[in-house]
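Following: one structure in structure tokens, then a few remarks.
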Amino acid sequence: MHCVEFRTAVSARVDGEELPPGISDATLDSHLRGCAECCHWDERARRLKLLTAAFDLG
Ligand SMILES: [Zn+2]
């Protein structure tokens with residue numbers, strides 16, 4: 001499985017959407033632990049989500 005597929009899953013999870021077929025939370029987490037680039041992607045996605053949520057409130 002490629003990083004791009006895990007990043008799609010990261011975005012889905014941050015948005016509270018269903019993970020793509022073939023990727024579970026456990027699969028995603030184990031990839032994030034082993035892949036620094038996707039781990040950073042996950043952090044950025046979460047931060048962006050928080051920022052967006054803050055704007056939605058304001
Ligand atoms: Zn990766």
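Order determines the names: the first chain of the structure tokens is A, the second B, and so forth; residues in each chain are numbered 1 upward, and ligands are numbered 1 upward as they are shown.
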message: Just want the residues within 8 Å of ligand 1, written as a VMD selection string, counting only C-alpha atoms and all ligand atoms.
response: chain A and resid 2 to 4 6 to 7 31 to 32 34 to 39
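Summary of the local environment: counting only C-alpha atoms, residues at most 7 Å from stretch 42-51 of chain A, other than itself and those fewer than 3 positions away along its chain, are Val10, Ser11, Val14, Cys38, Cys39, Ala54 and Phe55 of chain A.
Of the residues under consideration (A:Ala53, A:His40, A:Arg33, A:Leu28), A:Leu28 shows the shortest atom-to-atom contact distance to A:Ala9 when counting only C-alpha atoms.
In this structure, atom CA of A:Thr27 sits 10.4 Å away from atom CA of A:Met1.
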message: DSSP on the backbone: which residues in chain A end up as alpha helix (DSSP H)? Give the answer as number ranges by chain.
response: A: 3-14, 25-34, 36-57
